[in-house]
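So this block is final_15.tsv, TSV, C-alpha atoms and all ligand atoms:
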chain	number	residue	atom	x	y	z
U	654	MET	CA	-3.31	24.37	-22.28
U	655	THR	CA	0.00	23.01	-20.99
U	656	SER	CA	3.21	22.33	-22.91
U	657	PRO	CA	5.39	19.20	-22.49
U	658	ALA	CA	7.63	21.35	-20.28
U	659	ASP	CA	4.66	21.54	-17.92
U	660	SER	CA	4.36	17.75	-17.62
U	661	TRP	CA	3.71	16.13	-14.25
U	662	PRO	CA	6.03	13.32	-13.06
U	663	THR	CA	4.14	10.02	-12.57
U	664	TYR	CA	5.46	6.48	-12.62
U	665	ASP	CA	3.36	5.47	-15.61
U	666	GLU	CA	4.98	8.29	-17.59
U	667	GLY	CA	8.41	6.88	-16.66
U	668	ASP	CA	9.10	8.95	-13.53
U	669	THR	CA	11.28	6.97	-11.07
U	670	PHE	CA	13.61	7.57	-8.13
U	671	LEU	CA	16.16	5.06	-9.43
U	672	THR	CA	19.87	5.84	-9.98
U	673	GLY	CA	22.80	4.43	-11.95
U	674	ALA	CA	23.83	2.53	-8.80
U	675	ASP	CA	20.44	0.72	-8.80
U	676	GLU	CA	20.81	-0.16	-12.47
U	677	ALA	CA	24.35	-1.43	-11.83
U	678	ALA	CA	23.07	-3.66	-8.97
U	679	ALA	CA	20.38	-5.15	-11.22
U	680	ILE	CA	22.94	-5.73	-13.98
U	681	ARG	CA	25.30	-7.45	-11.51
U	682	ALA	CA	22.45	-9.79	-10.59
U	683	VAL	CA	21.73	-10.45	-14.28
U	684	LEU	CA	25.40	-11.20	-14.95
U	685	GLY	CA	25.42	-13.56	-11.94
U	686	ARG	CA	22.92	-15.74	-13.87
U	687	ARG	CA	21.30	-17.15	-10.75
U	688	TYR	CA	17.79	-15.69	-10.55
U	689	TYR	CA	15.68	-18.49	-9.09
U	690	ARG	CA	14.10	-18.34	-5.65
U	691	TYR	CA	16.70	-20.74	-4.20
U	692	ASP	CA	20.03	-22.13	-5.43
U	693	ALA	CA	23.04	-23.74	-3.75
U	694	ARG	CA	24.19	-20.50	-2.08
U	695	PRO	CA	23.50	-19.86	1.61
U	696	LEU	CA	20.63	-17.36	2.01
U	697	GLN	CA	22.90	-14.56	3.23
U	698	GLU	CA	24.88	-14.70	-0.03
U	699	THR	CA	21.79	-14.18	-2.20
U	700	TRP	CA	20.25	-10.80	-3.05
U	701	ALA	CA	16.90	-11.88	-1.61
U	702	GLY	CA	18.60	-12.95	1.62
U	703	ARG	CA	20.51	-9.65	1.84
U	704	LEU	CA	17.33	-7.72	1.23
U	705	GLU	CA	15.55	-9.63	4.01
U	706	GLU	CA	18.46	-8.94	6.38
U	707	ARG	CA	18.46	-5.19	5.55
U	708	LEU	CA	14.69	-4.89	5.98
U	709	SER	CA	14.78	-6.83	9.22
U	710	ARG	CA	17.27	-4.29	10.65
U	711	LEU	CA	15.43	-1.30	9.20
U	712	LEU	CA	12.05	-2.32	10.62
U	713	GLY	CA	13.25	-4.02	13.79
U	714	ALA	CA	11.36	-7.20	12.78
U	715	GLN	CA	12.63	-10.71	13.53
U	716	HIS	CA	11.66	-12.19	10.18
U	717	VAL	CA	11.26	-10.88	6.62
U	718	LEU	CA	10.19	-12.81	3.54
U	719	ALA	CA	10.63	-11.30	0.06
U	720	CYS	CA	7.94	-12.31	-2.43
U	721	THR	CA	6.41	-11.44	-5.79
U	722	SER	CA	3.97	-8.63	-4.86
U	723	GLY	CA	2.04	-6.84	-2.17
U	724	THR	CA	-0.95	-9.01	-3.02
U	725	THR	CA	0.98	-12.24	-2.40
U	726	ALA	CA	2.50	-10.71	0.78
U	727	ILE	CA	-1.02	-10.13	2.15
U	728	ALA	CA	-2.22	-13.58	1.05
U	729	LEU	CA	0.86	-15.23	2.59
U	730	SER	CA	0.33	-13.31	5.84
U	731	LEU	CA	-3.22	-14.62	6.03
U	732	LEU	CA	-2.20	-18.15	5.07
U	733	ALA	CA	0.46	-17.97	7.81
U	734	LEU	CA	-2.28	-17.40	10.40
U	735	ASP	CA	-3.67	-20.87	9.65
U	736	LEU	CA	-7.32	-19.79	10.05
U	737	PRO	CA	-10.14	-22.19	9.14
U	738	LYS	CA	-10.89	-21.96	5.40
U	739	GLY	CA	-13.66	-19.50	4.52
U	740	SER	CA	-13.15	-17.36	7.64
U	741	PRO	CA	-14.65	-13.85	7.61
U	742	VAL	CA	-11.78	-11.34	7.46
U	743	ALA	CA	-12.38	-7.62	8.08
U	744	CYS	CA	-10.89	-4.99	5.78
U	745	PRO	CA	-11.69	-1.31	5.15
U	746	GLY	CA	-14.00	-0.21	2.33
U	747	PHE	CA	-11.29	2.22	1.18
U	748	THR	CA	-8.40	0.22	-0.24
U	749	PHE	CA	-7.16	-1.08	-3.57
U	750	ALA	CA	-9.03	-4.08	-5.04
U	751	ALA	CA	-5.93	-6.19	-4.25
U	752	THR	CA	-6.72	-6.24	-0.49
U	753	PRO	CA	-10.05	-8.10	-0.70
U	754	SER	CA	-8.56	-10.09	-3.61
U	755	ALA	CA	-5.71	-11.29	-1.35
U	756	ILE	CA	-8.25	-12.32	1.30
U	757	LEU	CA	-10.03	-14.41	-1.36
U	758	LEU	CA	-6.68	-15.79	-2.55
U	759	ALA	CA	-5.96	-17.00	0.99
U	760	GLY	CA	-9.32	-18.85	0.94
U	761	HIS	CA	-11.27	-16.45	3.15
U	762	ARG	CA	-14.23	-14.07	2.92
U	763	PRO	CA	-13.71	-10.28	2.94
U	764	VAL	CA	-16.06	-8.34	5.24
U	765	LEU	CA	-15.90	-4.61	4.58
U	766	VAL	CA	-15.67	-1.98	7.31
U	767	GLU	CA	-16.72	1.68	7.09
U	768	CYS	CA	-14.16	4.50	7.04
U	769	ASP	CA	-14.32	7.84	8.84
U	770	ASP	CA	-14.36	11.34	7.31
U	771	ASP	CA	-10.60	11.17	6.69
U	772	LEU	CA	-11.07	7.74	5.12
U	773	HIS	CA	-9.26	5.88	7.89
U	774	LEU	CA	-10.71	2.58	9.14
U	775	ASP	CA	-13.64	3.37	11.48
U	776	VAL	CA	-12.83	1.50	14.69
U	777	ALA	CA	-16.45	1.64	15.96
U	778	ASP	CA	-17.59	-0.14	12.78
U	779	LEU	CA	-14.68	-2.58	13.11
U	780	ARG	CA	-16.06	-3.57	16.53
U	781	ARG	CA	-19.42	-4.31	14.87
U	782	VAL	CA	-17.69	-6.63	12.38
U	783	LEU	CA	-15.61	-8.27	15.14
U	784	THR	CA	-18.74	-8.80	17.22
U	785	ALA	CA	-20.29	-10.53	14.19
U	786	GLY	CA	-17.38	-13.01	14.17
U	787	ALA	CA	-14.50	-11.70	11.99
U	788	ALA	CA	-11.54	-14.07	12.49
U	789	ALA	CA	-8.81	-11.58	11.47
U	790	VAL	CA	-8.40	-7.91	10.53
U	791	VAL	CA	-6.51	-6.64	7.49
U	792	VAL	CA	-5.96	-2.96	8.27
U	793	VAL	CA	-4.74	-0.77	5.38
U	794	HIS	CA	-2.46	2.29	5.47
U	795	MET	CA	-4.19	3.50	2.36
U	796	ARG	CA	-2.46	5.99	0.06
U	797	GLY	CA	0.45	6.10	2.51
U	798	MET	CA	-1.53	7.31	5.55
U	799	ALA	CA	-1.35	5.27	8.75
U	800	SER	CA	-4.50	3.84	10.25
U	801	ASP	CA	-4.97	4.38	13.97
U	802	MET	CA	-2.99	1.26	14.94
U	803	PRO	CA	-3.24	1.56	18.75
U	804	ALA	CA	-7.06	1.74	18.45
U	805	VAL	CA	-7.31	-1.00	15.79
U	806	CYS	CA	-4.99	-3.37	17.71
U	807	ALA	CA	-6.83	-2.70	21.00
U	808	ALA	CA	-10.18	-3.59	19.39
U	809	ALA	CA	-8.74	-6.74	17.77
U	810	ASP	CA	-7.05	-7.78	21.05
U	811	GLU	CA	-10.36	-7.51	22.89
U	812	PHE	CA	-11.74	-10.13	20.53
U	813	GLY	CA	-8.53	-12.21	20.48
U	814	VAL	CA	-8.23	-11.68	16.73
U	815	PRO	CA	-4.91	-11.21	14.83
U	816	VAL	CA	-4.15	-8.07	12.80
U	817	VAL	CA	-2.39	-8.11	9.43
U	818	GLU	CA	-1.22	-4.72	8.15
U	819	ASP	CA	-1.60	-3.97	4.47
U	820	ALA	CA	1.44	-1.69	4.72
U	821	VAL	CA	1.91	-1.85	0.95
U	822	PRO	CA	2.58	1.89	0.41
U	823	VAL	CA	4.25	2.87	3.72
U	824	LEU	CA	7.78	1.47	3.87
U	825	GLY	CA	9.79	4.03	5.86
U	826	VAL	CA	6.79	5.53	7.71
U	827	SER	CA	6.27	5.14	11.48
U	828	LEU	CA	3.47	5.76	13.95
U	829	GLY	CA	4.24	6.46	17.61
U	830	GLY	CA	7.93	5.72	16.95
U	831	ARG	CA	7.18	2.23	15.60
U	832	PRO	CA	7.47	1.38	11.88
U	833	LEU	CA	4.18	0.71	10.15
U	834	GLY	CA	3.93	-2.95	9.25
U	835	THR	CA	5.25	-4.01	12.69
U	836	HIS	CA	2.21	-3.08	14.79
U	837	GLY	CA	0.15	-6.16	13.84
U	838	ARG	CA	1.03	-9.89	13.87
U	839	LEU	CA	2.25	-9.62	10.27
U	840	GLY	CA	2.83	-6.70	7.90
U	841	ALA	CA	2.72	-6.85	4.08
U	842	PHE	CA	4.58	-4.42	1.79
U	843	SER	CA	4.87	-3.91	-1.98
U	844	THR	CA	7.87	-2.92	-4.08
U	845	GLN	CA	5.72	-2.27	-7.15
U	846	ALA	CA	6.67	0.64	-9.41
U	847	ASP	CA	5.01	3.54	-7.55
U	848	LYS	CA	5.85	2.33	-4.04
U	849	PRO	CA	8.73	3.72	-1.87
U	850	VAL	CA	11.11	1.04	-3.19
U	851	ASN	CA	10.54	0.27	-6.87
U	852	THR	CA	11.40	-3.11	-8.38
U	853	GLY	CA	8.59	-3.03	-10.96
U	854	GLU	CA	6.71	-5.82	-9.19
U	855	GLY	CA	7.55	-7.31	-5.80
U	856	GLY	CA	6.78	-7.32	-2.09
U	857	PHE	CA	7.65	-8.74	1.30
U	858	LEU	CA	6.14	-9.58	4.65
U	859	VAL	CA	7.49	-9.00	8.16
U	860	THR	CA	6.68	-10.68	11.48
U	861	ASP	CA	8.10	-11.56	14.88
U	862	ASP	CA	6.12	-14.83	14.97
U	863	PRO	CA	8.47	-17.72	13.99
U	864	ASP	CA	5.67	-20.26	13.42
U	865	ALA	CA	3.70	-17.91	11.17
U	866	TYR	CA	6.94	-17.06	9.33
U	867	ALA	CA	7.74	-20.76	8.81
U	868	ARG	CA	4.29	-21.38	7.30
U	869	ALA	CA	4.65	-18.32	5.05
U	870	VAL	CA	8.12	-19.45	3.86
U	871	ILE	CA	6.76	-22.86	2.84
U	872	HIS	CA	3.67	-21.46	1.10
U	873	CYS	CA	5.95	-18.97	-0.69
U	874	GLY	CA	7.92	-21.74	-2.36
U	875	ALA	CA	10.39	-23.42	0.05
U	876	TYR	CA	10.43	-27.19	-0.46
U	877	GLU	CA	12.63	-30.18	0.41
U	878	GLY	CA	14.06	-28.65	3.56
U	879	ARG	CA	14.82	-25.17	2.21
U	880	LEU	CA	12.85	-23.78	5.15
U	881	ALA	CA	15.96	-24.41	7.31
U	882	ARG	CA	17.89	-21.69	5.43
U	883	HIS	CA	15.55	-19.13	6.97
U	884	PHE	CA	16.15	-20.46	10.51
U	885	PRO	CA	19.90	-20.76	11.23
U	886	GLY	CA	19.15	-21.11	14.96
U	887	GLY	CA	16.71	-24.04	14.58
U	888	VAL	CA	13.53	-24.69	12.59
U	889	PRO	CA	10.07	-24.48	14.23
U	890	ALA	CA	8.08	-27.71	14.33
U	891	VAL	CA	6.07	-27.25	11.11
U	892	ASP	CA	5.29	-30.22	8.85
U	893	GLU	CA	6.23	-28.71	5.50
U	894	ARG	CA	4.58	-31.52	3.54
U	895	SER	CA	1.19	-30.60	4.98
U	896	LEU	CA	1.21	-27.14	3.34
U	897	PRO	CA	0.69	-26.23	-0.33
U	898	VAL	CA	3.71	-24.62	-2.03
U	899	TYR	CA	3.24	-21.62	-4.36
U	900	GLY	CA	5.96	-20.01	-6.52
U	901	TRP	CA	5.69	-16.60	-4.90
U	902	ARG	CA	9.27	-15.84	-3.84
U	903	MET	CA	11.04	-12.72	-5.11
U	904	ASP	CA	13.67	-13.34	-7.80
U	905	GLU	CA	17.28	-12.19	-7.56
U	906	ILE	CA	17.14	-9.33	-10.08
U	907	ARG	CA	14.35	-7.54	-8.24
U	908	ALA	CA	16.01	-8.19	-4.88
U	909	ALA	CA	19.26	-6.59	-6.13
U	910	LEU	CA	17.35	-3.48	-7.24
U	911	ALA	CA	15.59	-3.27	-3.88
U	912	VAL	CA	18.80	-3.63	-1.83
U	913	SER	CA	20.40	-0.79	-3.76
U	914	SER	CA	17.47	1.63	-3.70
U	915	LEU	CA	16.82	1.11	0.03
U	916	ASP	CA	19.74	3.47	0.63
U	917	ARG	CA	17.66	6.43	-0.57
U	918	LEU	CA	14.39	5.54	1.16
U	919	PRO	CA	14.70	8.21	3.90
U	920	GLU	CA	15.49	10.88	1.30
U	921	ARG	CA	12.51	9.85	-0.81
U	922	ILE	CA	10.05	9.90	2.10
U	923	ALA	CA	11.41	13.26	3.30
U	924	LEU	CA	10.93	14.80	-0.17
U	925	GLN	CA	7.40	13.45	-0.55
U	926	ARG	CA	6.42	14.67	2.91
U	927	THR	CA	7.80	18.13	2.22
U	928	HIS	CA	5.74	18.35	-0.97
U	929	HIS	CA	2.63	17.05	0.76
U	930	ASP	CA	2.92	19.24	3.85
U	931	ARG	CA	3.63	22.43	1.91
U	932	ILE	CA	0.69	21.83	-0.42
U	933	ALA	CA	-1.66	20.78	2.40
U	934	GLY	CA	-0.57	23.82	4.42
U	935	ALA	CA	-1.21	26.20	1.50
U	936	LEU	CA	-4.68	24.71	0.94
U	937	GLU	CA	-5.68	24.77	4.60
U	938	GLY	CA	-8.01	27.78	4.51
U	939	VAL	CA	-9.46	27.12	1.05
U	940	LYS	CA	-13.24	27.01	1.34
U	941	GLY	CA	-15.14	24.01	0.01
U	942	ILE	CA	-12.34	21.46	0.22
U	943	ALA	CA	-11.07	19.28	3.06
U	944	VAL	CA	-7.55	17.86	2.70
U	945	ARG	CA	-7.27	14.30	4.07
U	946	ARG	CA	-5.52	14.42	7.45
U	947	PRO	CA	-3.09	11.84	8.90
U	948	VAL	CA	-3.88	10.32	12.33
U	949	ALA	CA	-0.60	11.84	13.64
U	950	PRO	CA	1.99	14.25	12.24
U	951	ASP	CA	4.39	12.42	9.91
U	952	ALA	CA	2.21	9.26	9.86
U	953	CYS	CA	2.09	9.68	6.11
U	954	SER	CA	4.34	8.89	3.13
U	955	GLY	CA	3.15	11.97	1.23
U	956	GLN	CA	2.91	10.11	-2.06
U	957	GLN	CA	-0.50	11.48	-2.99
U	958	LEU	CA	-2.58	14.52	-2.15
U	959	LEU	CA	-6.16	13.55	-1.34
U	960	PHE	CA	-8.89	16.05	-0.64
U	961	ARG	CA	-12.67	16.04	-0.54
U	962	VAL	CA	-14.80	18.53	-2.44
U	963	VAL	CA	-17.15	18.93	0.48
U	964	ASP	CA	-20.71	17.72	-0.23
U	965	ALA	CA	-19.91	17.13	-3.91
U	966	ASP	CA	-21.81	14.54	-5.90
U	967	ALA	CA	-19.97	12.49	-8.55
U	968	PRO	CA	-20.49	14.98	-11.44
U	969	LEU	CA	-19.25	17.94	-9.39
U	970	ALA	CA	-16.17	16.06	-8.15
U	971	ALA	CA	-15.50	15.04	-11.79
U	972	ARG	CA	-15.76	18.67	-12.98
U	973	PHE	CA	-13.42	19.77	-10.19
U	974	ALA	CA	-10.83	17.16	-11.20
U	975	GLY	CA	-11.33	18.11	-14.85
U	976	ARG	CA	-10.40	21.71	-14.07
U	977	LEU	CA	-7.17	20.53	-12.45
U	978	ARG	CA	-6.33	18.42	-15.49
U	979	GLU	CA	-6.88	21.47	-17.74
U	980	ARG	CA	-4.17	23.17	-15.65
U	981	GLY	CA	-1.75	20.24	-16.13
U	982	VAL	CA	-2.43	18.51	-12.81
U	983	PRO	CA	-3.35	14.81	-13.30
U	984	ALA	CA	-6.24	14.68	-10.82
U	985	ARG	CA	-8.70	11.81	-10.66
U	986	THR	CA	-11.84	10.95	-8.74
U	987	TYR	CA	-13.15	7.76	-7.19
U	988	SER	CA	-16.68	7.77	-8.56
U	989	GLY	CA	-17.96	7.61	-12.12
U	990	GLU	CA	-18.34	4.83	-14.67
U	991	GLY	CA	-16.48	3.71	-17.76
U	992	PRO	CA	-12.97	2.48	-18.53
U	993	GLY	CA	-11.55	5.06	-16.15
U	994	TYR	CA	-13.37	3.48	-13.18
U	995	ASN	CA	-11.43	3.56	-9.91
U	996	ALA	CA	-10.37	0.14	-8.52
U	997	ARG	CA	-10.14	1.70	-5.04
U	998	ALA	CA	-13.91	2.31	-4.85
U	999	TYR	CA	-15.53	-0.71	-3.21
U	1000	TRP	CA	-18.61	-0.64	-5.44
U	1001	ASN	CA	-16.33	-1.51	-8.35
U	1002	TRP	CA	-15.28	-4.80	-6.70
U	1003	ARG	CA	-18.01	-6.71	-8.48
U	1004	PHE	CA	-16.26	-9.98	-7.62
U	1005	LEU	CA	-17.60	-9.46	-4.08
U	1006	ASP	CA	-21.20	-9.06	-5.26
U	1007	LEU	CA	-21.96	-6.25	-2.79
U	1008	PRO	CA	-24.82	-3.75	-2.91
U	1009	GLU	CA	-23.58	-0.29	-4.03
U	1010	ASP	CA	-24.64	1.24	-0.72
U	1011	ALA	CA	-23.02	-1.48	1.44
U	1012	LEU	CA	-20.98	1.25	3.21
U	1013	PRO	CA	-22.99	4.48	2.88
U	1014	ARG	CA	-20.58	6.70	4.80
U	1015	THR	CA	-17.48	5.49	2.97
U	1016	ARG	CA	-19.31	5.81	-0.35
U	1017	ARG	CA	-20.26	9.44	0.41
U	1018	ARG	CA	-16.69	10.36	1.31
U	1019	LEU	CA	-15.16	8.51	-1.67
U	1020	THR	CA	-17.59	10.27	-4.01
U	1021	GLU	CA	-16.24	13.64	-2.82
U	1022	LEU	CA	-12.61	12.57	-3.15
U	1023	VAL	CA	-10.05	13.99	-5.61
U	1024	GLU	CA	-6.51	12.62	-5.80
U	1025	VAL	CA	-3.23	13.90	-7.25
U	1026	PRO	CA	0.03	11.88	-7.34
U	1027	LEU	CA	3.04	13.56	-5.66
U	1028	SER	CA	6.37	12.30	-6.97
U	1029	PRO	CA	9.53	12.96	-4.91
U	1030	ASN	CA	10.76	14.59	-8.14
U	1031	LEU	CA	8.18	17.42	-8.04
U	1032	THR	CA	9.61	20.91	-8.27
U	1033	PRO	CA	8.40	24.03	-6.41
U	1034	ALA	CA	6.80	25.04	-9.75
U	1035	HIS	CA	4.70	21.85	-9.75
U	1036	ARG	CA	3.59	22.61	-6.20
U	1037	GLU	CA	2.62	26.14	-7.15
U	1038	ARG	CA	0.68	24.87	-10.15
U	1039	LEU	CA	-1.27	22.43	-7.99
U	1040	ILE	CA	-2.00	24.96	-5.23
U	1041	ASN	CA	-3.19	27.58	-7.75
U	1042	ALA	CA	-5.30	25.09	-9.70
U	1043	VAL	CA	-7.07	23.77	-6.59
U	1044	THR	CA	-7.64	27.28	-5.19
U	1045	GLU	CA	-9.07	28.48	-8.48
U	1046	ALA	CA	-11.35	25.43	-8.91
U	1047	ALA	CA	-12.57	25.78	-5.32
U	1048	GLU	CA	-13.56	29.42	-5.93
U	1049	ARG	CA	-16.00	28.16	-8.54
U	1050	CYS	CA	-17.35	25.35	-6.37
U	1051	PRO	CA	-19.45	23.87	-5.01
U	1052	GLY	CA	-22.00	23.63	-7.75
U	1053	ARG	CA	-20.80	26.67	-9.69
U	1054	VAL	CA	-18.41	25.05	-12.14
U	1055	PRO	CA	-19.86	25.71	-15.63
O	1	LIG	C1	-3.35	-0.68	-0.45
O	1	LIG	C2	-2.82	-1.67	-1.45
O	1	LIG	N1	-2.84	-2.96	-1.15
O	1	LIG	C3	-2.35	-3.89	-2.00
O	1	LIG	C4	-1.81	-3.53	-3.21
O	1	LIG	C5	-1.26	-4.58	-4.13
O	1	LIG	O1	0.14	-4.51	-4.24
O	1	LIG	P1	0.83	-5.20	-5.51
O	1	LIG	O2	0.47	-4.40	-6.72
O	1	LIG	O3	2.29	-5.19	-5.22
O	1	LIG	O4	0.28	-6.59	-5.59
O	1	LIG	C6	-1.79	-2.18	-3.59
O	1	LIG	C7	-1.21	-1.77	-4.88
O	1	LIG	O5	-1.07	-0.63	-5.20
O	1	LIG	C8	-2.31	-1.21	-2.68
O	1	LIG	O6	-2.31	0.09	-2.97
Spit out the file's structure as structure tokens when you get a sec.
Amino acid sequence: MTSPADSWPTYDEGDTFLTGADEAAAIRAVLGRRYYRYDARPLQETWAGRLEERLSRLLGAQHVLACTSGTTAIALSLLALDLPKGSPVACPGFTFAATPSAILLAGHRPVLVECDDDLHLDVADLRRVLTAGAAAVVVVHMRGMASDMPAVCAAADEFGVPVVEDAVPVLGVSLGGRPLGTHGRLGAFSTQADKPVNTGEGGFLVTDDPDAYARAVIHCGAYEGRLARHFPGGVPAVDERSLPVYGWRMDEIRAALAVSSLDRLPERIALQRTHHDRIAGALEGVKGIAVRRPVAPDACSGQQLLFRVVDADAPLAARFAGRLRERGVPARTYSGEGPGYNARAYWNWRFLDLPEDALPRTRRRLTELVEVPLSPNLTPAHRERLINAVTEAAERCPGRVP
């Protein structure tokens, strides 16, 4: 049994990385009484405009567009590509349900790709899907771990196909010295509550492609010439009346929160990585489990610990996670039925009408997977608790948990 003093910080229990300065910024925006996506002010005097400017400098991207969520950022990125309606779009079988949902929202057809043993997009299987005619790739840096972007981009380039990064959980993480989200044609981020910058709900996209950006700005809700505010140096030749307009732009209160909390992004990522690396290091030699590995050192936000209970079926993985929960560690699995189903397991995306064994390798690996959230606010005592609980459960596994 654990006491309340032994609780584990998670965002749905109210754990945040916000400060009084963030609250004050949001209150200033509230008191300013101008919350709508556009008003008479020049863009650079609005919170959303300031946020876009800050993110553009941080990521070294020409254009940034703040919007309502990671899902709308992915959909806008795809809409910005101007593909024929109903195009097949590749995405990995290990992602949150929002990724294939965003592909549908943009009017296209998700085509799932297998993942490797570390649950990164399998580039050999991506080539199969590209050969079959995929018109774009949405690559996902799932649970804060980078996909192998040089390999993914090289495969897509061979087929002349654009890459959109679902960089939803990886703001502040780089691969090969380049920020994630800026490797593909467009990158989509979220500022939802458990992401590196927390505005409750929210997101943004980044790109260096002015034409794609112009289309995204219009779809996001710019009308009657407001597109020009995003292009002080001259507007690309896009007929704004030919594109549907959705109300997907970020409001001022969220933008104010994001601008303020961006200051502590490096500190947050550093804390999460320290927790992750210390725990992963301590679990390295533990028999029967395999901690998910990043494709390169530091190519990881450290916001969750993921490990496989090697060769486990769904009941064994569930018993393993249950043991951790008994020790006050909120572990969960990816398989299993019921209200606690996992929306990151592709066989639960019934809206796609896929056979359960559509991706046998990914399914096997997801069935073995156990996940624990790692807040930046963890203490060394939390880390110890997790390491001891996993080590103890592993001693009784595989197949020996009563
Ligand atoms: C990989 C991934 N893509 C997309 C999303 C959707 O982001 P949002 O909730 O901001 O729409 C999430 C949400 O957690 C996610 O984890």
key: Environment of ligand LIG 1 (chain O) within 9 Å, counting only C-alpha atoms and all ligand atoms, reported as a ChimeraX atom specification   = /U:721-727,747-755,793-797,819-822,841-848,853-856,997
Go ahead and write the residues just picked, C-alpha atoms, as a short mmCIF file (atom, residue, chain, number, x, y, z; two decimals), in the coordinates of the input.
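The resulting file, part17.cif, is reproduced below:
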data_model
loop_
_atom_site.label_atom_id
_atom_site.label_comp_id
_atom_site.auth_asym_id
_atom_site.auth_seq_id
_atom_site.Cartn_x
_atom_site.Cartn_y
_atom_site.Cartn_z
CA THR U 721 6.41 -11.44 -5.79
CA SER U 722 3.97 -8.63 -4.86
CA GLY U 723 2.04 -6.84 -2.17
CA THR U 724 -0.95 -9.01 -3.02
CA THR U 725 0.98 -12.24 -2.40
CA ALA U 726 2.50 -10.71 0.78
CA ILE U 727 -1.02 -10.13 2.15
CA PHE U 747 -11.29 2.22 1.18
CA THR U 748 -8.40 0.22 -0.24
CA PHE U 749 -7.16 -1.08 -3.57
CA ALA U 750 -9.03 -4.08 -5.04
CA ALA U 751 -5.93 -6.19 -4.25
CA THR U 752 -6.72 -6.24 -0.49
CA PRO U 753 -10.05 -8.10 -0.70
CA SER U 754 -8.56 -10.09 -3.61
CA ALA U 755 -5.71 -11.29 -1.35
CA VAL U 793 -4.74 -0.77 5.38
CA HIS U 794 -2.46 2.29 5.47
CA MET U 795 -4.19 3.50 2.36
CA ARG U 796 -2.46 5.99 0.06
CA GLY U 797 0.45 6.10 2.51
CA ASP U 819 -1.60 -3.97 4.47
CA ALA U 820 1.44 -1.69 4.72
CA VAL U 821 1.91 -1.85 0.95
CA PRO U 822 2.58 1.89 0.41
CA ALA U 841 2.72 -6.85 4.08
CA PHE U 842 4.58 -4.42 1.79
CA SER U 843 4.87 -3.91 -1.98
CA THR U 844 7.87 -2.92 -4.08
CA GLN U 845 5.72 -2.27 -7.15
CA ALA U 846 6.67 0.64 -9.41
CA ASP U 847 5.01 3.54 -7.55
CA LYS U 848 5.85 2.33 -4.04
CA GLY U 853 8.59 -3.03 -10.96
CA GLU U 854 6.71 -5.82 -9.19
CA GLY U 855 7.55 -7.31 -5.80
CA GLY U 856 6.78 -7.32 -2.09
CA ARG U 997 -10.14 1.70 -5.04
#
query = Within 10 Å of Phe884 in chain U, counting all atoms listed in the file, which residues qualify if same-chain residues fewer than 2 places away don't, as number ranges by chain?
reply = U: 716, 863, 866-867, 879-882, 886-889
Take the residues from that selection and put them in a file with C-alpha atoms, as a JSON list (two decimals), in the coordinates of the input.
[["chain", "number", "residue", "atom", "x", "y", "z"],
["U", 716, "HIS", "CA", 11.66, -12.19, 10.18],
["U", 863, "PRO", "CA", 8.47, -17.72, 13.99],
["U", 866, "TYR", "CA", 6.94, -17.06, 9.33],
["U", 867, "ALA", "CA", 7.74, -20.76, 8.81],
["U", 879, "ARG", "CA", 14.82, -25.17, 2.21],
["U", 880, "LEU", "CA", 12.85, -23.78, 5.15],
["U", 881, "ALA", "CA", 15.96, -24.41, 7.31],
["U", 882, "ARG", "CA", 17.89, -21.69, 5.43],
["U", 886, "GLY", "CA", 19.15, -21.11, 14.96],
["U", 887, "GLY", "CA", 16.71, -24.04, 14.58],
["U", 888, "VAL", "CA", 13.53, -24.69, 12.59],
["U", 889, "PRO", "CA", 10.07, -24.48, 14.23]]
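The residue that comes closest to Ala998 in chain U, out of U:Gly786, U:Pro745, U:Lys940, U:Arg868 and on the basis of only C-alpha atoms, is U:Pro745.
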task = Compile the contact shell of Arg902 in chain U as a list in words: residues with an atom at most 6 Å away, counting only C-alpha atoms, same-chain residues fewer than 4 positions apart removed.
result = Arg690, Cys720, Thr721 and Cys873 of chain U
key: Computed interatomic separation between CA of Ala701 in chain U and CA of Ala678 in chain U (Å)   = 12.6 Å
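Take the candidates U:Arg907, U:Arg1014, U:Arg1003, U:Arg1036 and check each one against His929 in chain U using only C-alpha atoms; the shortest distance goes to U:Arg1036.
The two atoms in question, CA of Val805 in chain U and CA of Ala785 in chain U, are spaced 16.2 Å apart.
Interatomic distance, CA of Asp951 in chain U to CA of Arg1018 in chain U: 22.9 Å.
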key: Residue neighbourhood Cys806 in chain U, 10 Å, only C-alpha atoms, exclusion window fewer than 2 positions, as a PyMOL selection string   = chain U and resi 776+790+792+801-804+808-817+836-838
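Nearest-residue note for Arg703 in chain U: choosing from U:Leu783, U:Ala911, U:Ile680, U:Leu1019, the minimum distance belongs to U:Ala911, counting all atoms listed in the file.
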